[in-house]
Amino acid sequence: MTNMFKDIIQKLYETQNITDDEIKLLIDLPESEAAPLREAALKRRREYYGNDVFIRGLIEFSNYCKNNCYYCGIRAGNTQVERYHLTKDQILQCCDTGYTLSFRTFVLQGGEDLSYSDDDICDIVSSIKKAYPDCAVTLSIGEKSKETYQAYFDAGATRYLLRHETATPDHYAHLHPESMSLENRKQCLWNLKSIGFQVGAGFMVGSPGQTLDCLVADLRFLQELSPDMIGIGPFIPHAQTPFAHEPQGSLLRTLNLLSILRLMFPYVLLPSTTALGTIDPIGRELGLEAGANVVMPNLSPVDVRKFYALYDNKICMGDEAAQCIRCLGMRVKCVGFRIVEDIGNVRRSV
Ligand code: SAM
Ligand code: FES
């Protein structure tokens, strides 16, 4: 058995591709057999990124959302959440704190909050770019028209994160209300790409109804899209959602998938996510050791963090940005990597 796994890993390392059945075997590789997969992923990661870990300052600027995704704690249907949105000045204050702490990328993430017009978002983006011309602005605010994405791009946003969530239509319908469709989600990603954004897609590991075939379809869609960033993290239930009693995603599967992604997409920006750190005390360190090369500490004001609870028991809710970056810096160092003060662009070739 061991030799068969090693052969598959070697094939993936050499050709960046394996068959669907081989993918399934690696996704469920037992921990006792996982060392060669981790080693191959680390070797690839070092070829492209050395020991560098890029940091992104995450600003969760609104928890209002018009959507009602069944897995998400800030869905419109959750009437128990206290809603907030930050003003432009508050967002700029977060960037100011972040810049002093060496952040050179700011990620503005939020629900689909209709109270910000396109002009409002463009004004926020261009104000950040004016104040910090050496920084990248990433947006993660959901599905918009191509014209709106173009306006964001023209205002200075160059990166966009929009997880596709699942590439299987039936599974998409199991996770989302009828008003949302996989077709539109994918079209948004293609539109973003054609405008010139560096694009991030991705999915939750262990979302309700997910099968191995779904995960294979996710990897095949990612191969088609060839995104610059891929965000994956375990699904974690939230008490005030229809999926409150569903089991959380597995740590081992998430780590195996991170390693597979590193080998399939050697160049990719791959975050070790907060969700991974939530299901295991050293989840983010394990993520880096599995092939991830990005961490996204929270720059949101401490008093609003508890309201951006996508899932239960989210970590780092009470820490100031400075504490977060210090803690993460130590964690990154402990596993042999180093956080760099860098805009952190994708490196498509060695
Ligand atoms: N509204 C934007 C969007 O739709 O892309 C960005 C915000 S959304 C909350 C960011 C991501 O959080 C989603 O793409 C989803 O994968 C993840 N997420 C939501 N609920 C989650 C849960 N219960 N467990 C783990 N991840 C979750
Ligand atoms: Fe909109 Fe989660 S349902 S951000």
# chains A, B, ... in the order shown; residues from 1 in each chain; ligands from 1
call {"tool": "residues_around", "arguments": {"residues": "stretch 283-291 of chain A", "least_positions_apart": "6", "cutoff": "6 Å", "atoms": "only C-alpha atoms", "output": "list in words"}}
result
Arg38, Ala41, Leu42, Leu255, Ser259, Arg262, Ser272, Leu276 and Gly277 of chain A
call {"tool": "residues_near_ligand", "arguments": {"ligand": "ligand 2", "cutoff": "6 Å", "atoms": "only C-alpha atoms and all ligand atoms", "output": "ChimeraX atom specification"}}
result
/A:65,67-69,72,74-75,111-112
call {"tool": "residues_near_ligand", "arguments": {"ligand": "ligand 1", "cutoff": "7 Å", "atoms": "only C-alpha atoms and all ligand atoms", "output": "PyMOL selection string"}}
result
chain A and resi 71-73+109-112+140-143+161-163+165+203-204+233-238+275+310-311
call {"tool": "write_last_selection", "arguments": {"atoms": "C-alpha atoms", "output": "PDB file, in the first residue's frame"}}
result
ATOM      1  CA  TYR A  71     -23.825  27.290   6.490  1.00  0.00           C
ATOM      2  CA  CYS A  72     -23.007  30.895   7.341  1.00  0.00           C
ATOM      3  CA  GLY A  73     -23.430  32.528  10.751  1.00  0.00           C
ATOM      4  CA  GLN A 109     -14.247  41.196   3.494  1.00  0.00           C
ATOM      5  CA  GLY A 110     -17.927  41.357   4.275  1.00  0.00           C
ATOM      6  CA  GLY A 111     -21.398  40.127   3.569  1.00  0.00           C
ATOM      7  CA  GLU A 112     -23.256  41.415   0.515  1.00  0.00           C
ATOM      8  CA  SER A 140     -14.090  39.755  -0.837  1.00  0.00           C
ATOM      9  CA  ILE A 141     -17.667  41.012  -0.973  1.00  0.00           C
ATOM     10  CA  GLY A 142     -19.456  38.441  -3.050  1.00  0.00           C
ATOM     11  CA  GLU A 143     -21.253  38.336  -6.368  1.00  0.00           C
ATOM     12  CA  LEU A 161     -11.546  36.402  -3.233  1.00  0.00           C
ATOM     13  CA  LEU A 162     -14.726  34.534  -4.100  1.00  0.00           C
ATOM     14  CA  ARG A 163     -14.796  30.905  -3.049  1.00  0.00           C
ATOM     15  CA  GLU A 165     -17.920  26.795  -2.464  1.00  0.00           C
ATOM     16  CA  PHE A 203     -14.307  25.685  -0.793  1.00  0.00           C
ATOM     17  CA  MET A 204     -15.016  24.374   2.684  1.00  0.00           C
ATOM     18  CA  GLY A 233     -10.788  25.515   5.434  1.00  0.00           C
ATOM     19  CA  PRO A 234     -12.920  23.067   7.393  1.00  0.00           C
ATOM     20  CA  PHE A 235     -16.670  23.631   7.594  1.00  0.00           C
ATOM     21  CA  ILE A 236     -17.554  24.472  11.206  1.00  0.00           C
ATOM     22  CA  PRO A 237     -21.211  24.506  12.278  1.00  0.00           C
ATOM     23  CA  HIS A 238     -22.826  27.679  13.605  1.00  0.00           C
ATOM     24  CA  ALA A 275     -11.042  27.953  10.508  1.00  0.00           C
ATOM     25  CA  LEU A 310     -19.255  32.785  10.546  1.00  0.00           C
ATOM     26  CA  TYR A 311     -19.026  29.660  12.728  1.00  0.00           C
TER      27      TYR A 311
END
call {"tool": "select_by_dssp", "arguments": {"residues": "stretch 75-247 of chain A", "states": "strand (DSSP E)", "output": "PyMOL selection string"}}
result
chain A and resi 105-110+136-140+159-161+198-205+229-234
call {"tool": "residues_around", "arguments": {"residues": "stretch 338-347 of chain A", "least_positions_apart": "2", "cutoff": "9 Å", "atoms": "only C-alpha atoms", "output": "compact mmCIF listing (two decimals) with N, CA and C atoms, in the first residue's frame"}}
result
# COMPACT_ATOMS: atom_id res chain seq x y z
N TYR A 48 9.18 27.46 -4.84
CA TYR A 48 8.51 28.68 -5.32
C TYR A 48 8.58 29.84 -4.32
N TYR A 49 8.51 29.52 -3.04
CA TYR A 49 8.38 30.59 -2.04
C TYR A 49 9.40 30.52 -0.91
N ASN A 51 11.14 29.97 2.43
CA ASN A 51 10.47 29.85 3.73
C ASN A 51 9.54 31.03 4.00
N ASP A 52 9.28 31.81 2.96
CA ASP A 52 8.47 33.02 3.16
C ASP A 52 7.00 32.70 3.41
N VAL A 53 6.44 33.41 4.37
CA VAL A 53 4.98 33.36 4.58
C VAL A 53 4.47 34.78 4.39
N PHE A 54 3.49 34.95 3.51
CA PHE A 54 2.89 36.26 3.28
C PHE A 54 1.76 36.50 4.28
N ILE A 55 1.64 37.76 4.70
CA ILE A 55 0.53 38.09 5.60
C ILE A 55 -0.46 39.00 4.88
N ARG A 56 -1.72 38.81 5.17
CA ARG A 56 -2.79 39.66 4.64
C ARG A 56 -3.57 40.20 5.83
N SER A 102 3.57 46.17 9.47
CA SER A 102 4.21 45.53 8.29
C SER A 102 3.27 44.92 7.28
N PHE A 103 1.98 45.11 7.42
CA PHE A 103 1.06 44.56 6.40
C PHE A 103 1.19 45.37 5.11
N ARG A 104 1.23 44.67 3.97
CA ARG A 104 1.27 45.35 2.68
C ARG A 104 0.12 44.87 1.77
N THR A 105 -0.80 44.13 2.35
CA THR A 105 -2.04 43.76 1.66
C THR A 105 -3.19 43.90 2.64
N ASP A 134 1.98 51.52 -1.86
CA ASP A 134 2.80 50.29 -1.96
C ASP A 134 2.04 49.06 -1.46
N CYS A 135 0.74 49.21 -1.23
CA CYS A 135 -0.05 48.07 -0.72
C CYS A 135 -1.07 47.59 -1.76
N ALA A 136 -1.43 46.32 -1.66
CA ALA A 136 -2.49 45.78 -2.51
C ALA A 136 -3.81 45.78 -1.74
N GLN A 198 -6.29 39.39 -9.83
CA GLN A 198 -5.74 38.14 -9.31
C GLN A 198 -6.89 37.53 -8.51
N ASP A 228 -5.13 32.45 -8.78
CA ASP A 228 -3.87 32.81 -8.12
C ASP A 228 -3.87 32.39 -6.66
N MET A 229 -5.07 32.38 -6.07
CA MET A 229 -5.20 32.00 -4.65
C MET A 229 -6.26 30.92 -4.52
N TYR A 267 2.46 27.11 -7.81
CA TYR A 267 2.64 28.56 -7.69
C TYR A 267 1.67 29.22 -6.72
N VAL A 268 0.66 28.50 -6.28
CA VAL A 268 -0.55 29.16 -5.76
C VAL A 268 -0.35 29.78 -4.37
N LEU A 269 -1.08 30.86 -4.12
CA LEU A 269 -1.13 31.46 -2.78
C LEU A 269 -2.19 30.69 -2.00
N VAL A 294 0.38 31.40 3.26
CA VAL A 294 -0.23 32.70 3.57
C VAL A 294 -0.95 32.59 4.91
N VAL A 295 -0.88 33.64 5.72
CA VAL A 295 -1.76 33.71 6.90
C VAL A 295 -2.48 35.07 6.88
N LEU A 328 1.12 35.12 15.75
CA LEU A 328 1.29 34.36 14.50
C LEU A 328 2.75 34.29 14.07
N GLY A 329 3.47 35.40 14.27
CA GLY A 329 4.90 35.44 13.93
C GLY A 329 5.64 34.33 14.65
N MET A 330 5.31 34.15 15.93
CA MET A 330 5.99 33.11 16.72
C MET A 330 5.59 31.72 16.25
N VAL A 332 4.59 30.87 13.28
CA VAL A 332 5.20 30.63 11.96
C VAL A 332 6.67 30.23 12.13
N LYS A 333 7.35 30.95 13.03
CA LYS A 333 8.78 30.69 13.28
C LYS A 333 9.00 29.30 13.86
N VAL A 335 7.59 26.63 13.22
CA VAL A 335 7.58 25.55 12.23
C VAL A 335 8.55 25.83 11.08
N GLY A 336 9.50 26.75 11.32
CA GLY A 336 10.61 26.92 10.38
C GLY A 336 10.38 27.90 9.24
N SER A 349 6.15 31.37 -11.71
CA SER A 349 7.24 30.44 -12.08
C SER A 349 8.37 30.58 -11.06
N VAL A 350 9.25 29.58 -11.07
CA VAL A 350 10.33 29.56 -10.06
C VAL A 350 11.40 30.58 -10.43
call {"tool": "closest_residue", "arguments": {"among": "A:Pro177, A:Gly231, A:Gly318, A:Gly50", "to": "A:Ala76", "atoms": "only C-alpha atoms"}}
result
A:Pro177
call {"tool": "decode", "arguments": {"residues": "stretch 31-80 of chain A", "atoms": "N, CA and C atoms", "output": "short mmCIF file (atom, residue, chain, number, x, y, z; two decimals), in the first residue's frame"}}
result
data_model
loop_
_atom_site.label_atom_id
_atom_site.label_comp_id
_atom_site.auth_asym_id
_atom_site.auth_seq_id
_atom_site.Cartn_x
_atom_site.Cartn_y
_atom_site.Cartn_z
N GLU A 31 -3.22 9.25 8.40
CA GLU A 31 -2.13 10.05 8.95
C GLU A 31 -0.80 9.28 8.94
N SER A 32 -0.89 7.97 9.20
CA SER A 32 0.33 7.15 9.26
C SER A 32 1.05 7.09 7.91
N GLU A 33 0.33 7.43 6.83
CA GLU A 33 0.92 7.36 5.48
C GLU A 33 1.15 8.75 4.89
N ALA A 34 0.84 9.81 5.68
CA ALA A 34 0.80 11.15 5.08
C ALA A 34 2.16 11.84 4.96
N ALA A 35 3.19 11.34 5.66
CA ALA A 35 4.49 12.04 5.66
C ALA A 35 5.05 12.29 4.25
N PRO A 36 5.05 11.32 3.33
CA PRO A 36 5.60 11.60 2.00
C PRO A 36 4.82 12.68 1.23
N LEU A 37 3.50 12.73 1.48
CA LEU A 37 2.69 13.77 0.81
C LEU A 37 3.08 15.16 1.34
N ARG A 38 3.22 15.26 2.66
CA ARG A 38 3.62 16.54 3.26
C ARG A 38 5.01 16.94 2.76
N GLU A 39 5.95 15.96 2.70
CA GLU A 39 7.32 16.28 2.28
C GLU A 39 7.36 16.79 0.85
N ALA A 40 6.61 16.13 -0.03
CA ALA A 40 6.60 16.55 -1.44
C ALA A 40 6.00 17.96 -1.56
N ALA A 41 4.93 18.23 -0.81
CA ALA A 41 4.29 19.54 -0.87
C ALA A 41 5.24 20.63 -0.36
N LEU A 42 5.96 20.31 0.71
CA LEU A 42 6.91 21.29 1.28
C LEU A 42 8.05 21.58 0.31
N LYS A 43 8.51 20.52 -0.36
CA LYS A 43 9.60 20.68 -1.32
C LYS A 43 9.14 21.66 -2.42
N ARG A 44 7.95 21.44 -2.94
CA ARG A 44 7.40 22.31 -3.98
C ARG A 44 7.24 23.75 -3.49
N ARG A 45 6.71 23.88 -2.30
CA ARG A 45 6.48 25.20 -1.73
C ARG A 45 7.80 25.95 -1.58
N ARG A 46 8.87 25.23 -1.16
CA ARG A 46 10.18 25.88 -0.98
C ARG A 46 10.76 26.30 -2.33
N GLU A 47 10.51 25.51 -3.37
CA GLU A 47 11.02 25.89 -4.70
C GLU A 47 10.43 27.23 -5.15
N TYR A 48 9.18 27.46 -4.84
CA TYR A 48 8.51 28.68 -5.32
C TYR A 48 8.58 29.84 -4.32
N TYR A 49 8.51 29.52 -3.04
CA TYR A 49 8.38 30.59 -2.04
C TYR A 49 9.40 30.52 -0.91
N GLY A 50 10.39 29.62 -1.01
CA GLY A 50 11.37 29.49 0.07
C GLY A 50 10.67 29.25 1.38
N ASN A 51 11.14 29.97 2.43
CA ASN A 51 10.47 29.85 3.73
C ASN A 51 9.54 31.03 4.00
N ASP A 52 9.28 31.81 2.96
CA ASP A 52 8.47 33.02 3.16
C ASP A 52 7.00 32.70 3.41
N VAL A 53 6.44 33.41 4.37
CA VAL A 53 4.98 33.36 4.58
C VAL A 53 4.47 34.78 4.39
N PHE A 54 3.49 34.95 3.51
CA PHE A 54 2.89 36.26 3.28
C PHE A 54 1.76 36.50 4.28
N ILE A 55 1.64 37.76 4.70
CA ILE A 55 0.53 38.09 5.60
C ILE A 55 -0.46 39.00 4.88
N ARG A 56 -1.72 38.81 5.17
CA ARG A 56 -2.79 39.66 4.64
C ARG A 56 -3.57 40.20 5.83
N GLY A 57 -3.78 41.49 5.86
CA GLY A 57 -4.55 42.07 6.97
C GLY A 57 -6.04 42.01 6.64
N LEU A 58 -6.76 41.20 7.40
CA LEU A 58 -8.18 40.98 7.12
C LEU A 58 -9.03 42.02 7.86
N ILE A 59 -9.80 42.77 7.10
CA ILE A 59 -10.70 43.76 7.70
C ILE A 59 -12.13 43.33 7.40
N GLU A 60 -12.79 42.82 8.42
CA GLU A 60 -14.17 42.33 8.26
C GLU A 60 -15.08 43.54 8.46
N PHE A 61 -15.36 44.23 7.35
CA PHE A 61 -15.91 45.59 7.51
C PHE A 61 -17.44 45.65 7.58
N SER A 62 -18.11 44.53 7.29
CA SER A 62 -19.58 44.53 7.43
C SER A 62 -20.09 43.11 7.65
N ASN A 63 -21.01 42.95 8.57
CA ASN A 63 -21.65 41.63 8.72
C ASN A 63 -23.11 41.66 8.27
N TYR A 64 -23.50 42.73 7.56
CA TYR A 64 -24.82 42.72 6.91
C TYR A 64 -24.71 41.86 5.66
N CYS A 65 -25.71 41.04 5.37
CA CYS A 65 -25.68 40.28 4.13
C CYS A 65 -27.08 40.04 3.62
N LYS A 66 -27.25 40.20 2.31
CA LYS A 66 -28.57 39.97 1.71
C LYS A 66 -28.79 38.48 1.46
N ASN A 67 -27.72 37.70 1.50
CA ASN A 67 -27.83 36.27 1.18
C ASN A 67 -28.16 35.44 2.41
N ASN A 68 -28.47 34.18 2.13
CA ASN A 68 -28.93 33.32 3.21
C ASN A 68 -28.27 31.94 3.12
N CYS A 69 -26.97 31.93 2.84
CA CYS A 69 -26.25 30.66 2.70
C CYS A 69 -26.48 29.83 3.97
N TYR A 70 -26.82 28.55 3.78
CA TYR A 70 -27.29 27.76 4.93
C TYR A 70 -26.20 27.51 5.97
N TYR A 71 -24.93 27.62 5.57
CA TYR A 71 -23.82 27.29 6.49
C TYR A 71 -23.33 28.49 7.28
N CYS A 72 -23.73 29.70 6.91
CA CYS A 72 -23.01 30.90 7.34
C CYS A 72 -23.69 31.60 8.51
N GLY A 73 -22.90 31.92 9.52
CA GLY A 73 -23.43 32.53 10.75
C GLY A 73 -23.98 33.93 10.57
N ILE A 74 -23.55 34.65 9.53
CA ILE A 74 -24.05 36.03 9.36
C ILE A 74 -25.09 36.13 8.24
N ARG A 75 -25.67 34.98 7.89
CA ARG A 75 -26.72 34.95 6.86
C ARG A 75 -27.88 35.87 7.24
N ALA A 76 -28.58 36.36 6.21
CA ALA A 76 -29.67 37.32 6.44
C ALA A 76 -30.70 36.78 7.43
N GLY A 77 -30.97 35.45 7.35
CA GLY A 77 -32.01 34.84 8.19
C GLY A 77 -31.65 34.75 9.66
N ASN A 78 -30.41 35.01 10.02
CA ASN A 78 -30.05 34.95 11.44
C ASN A 78 -30.37 36.29 12.10
N THR A 79 -31.51 36.30 12.80
CA THR A 79 -31.97 37.56 13.39
C THR A 79 -31.29 37.84 14.73
N GLN A 80 -30.49 36.87 15.18
CA GLN A 80 -29.87 37.07 16.50
C GLN A 80 -28.50 37.76 16.44
#
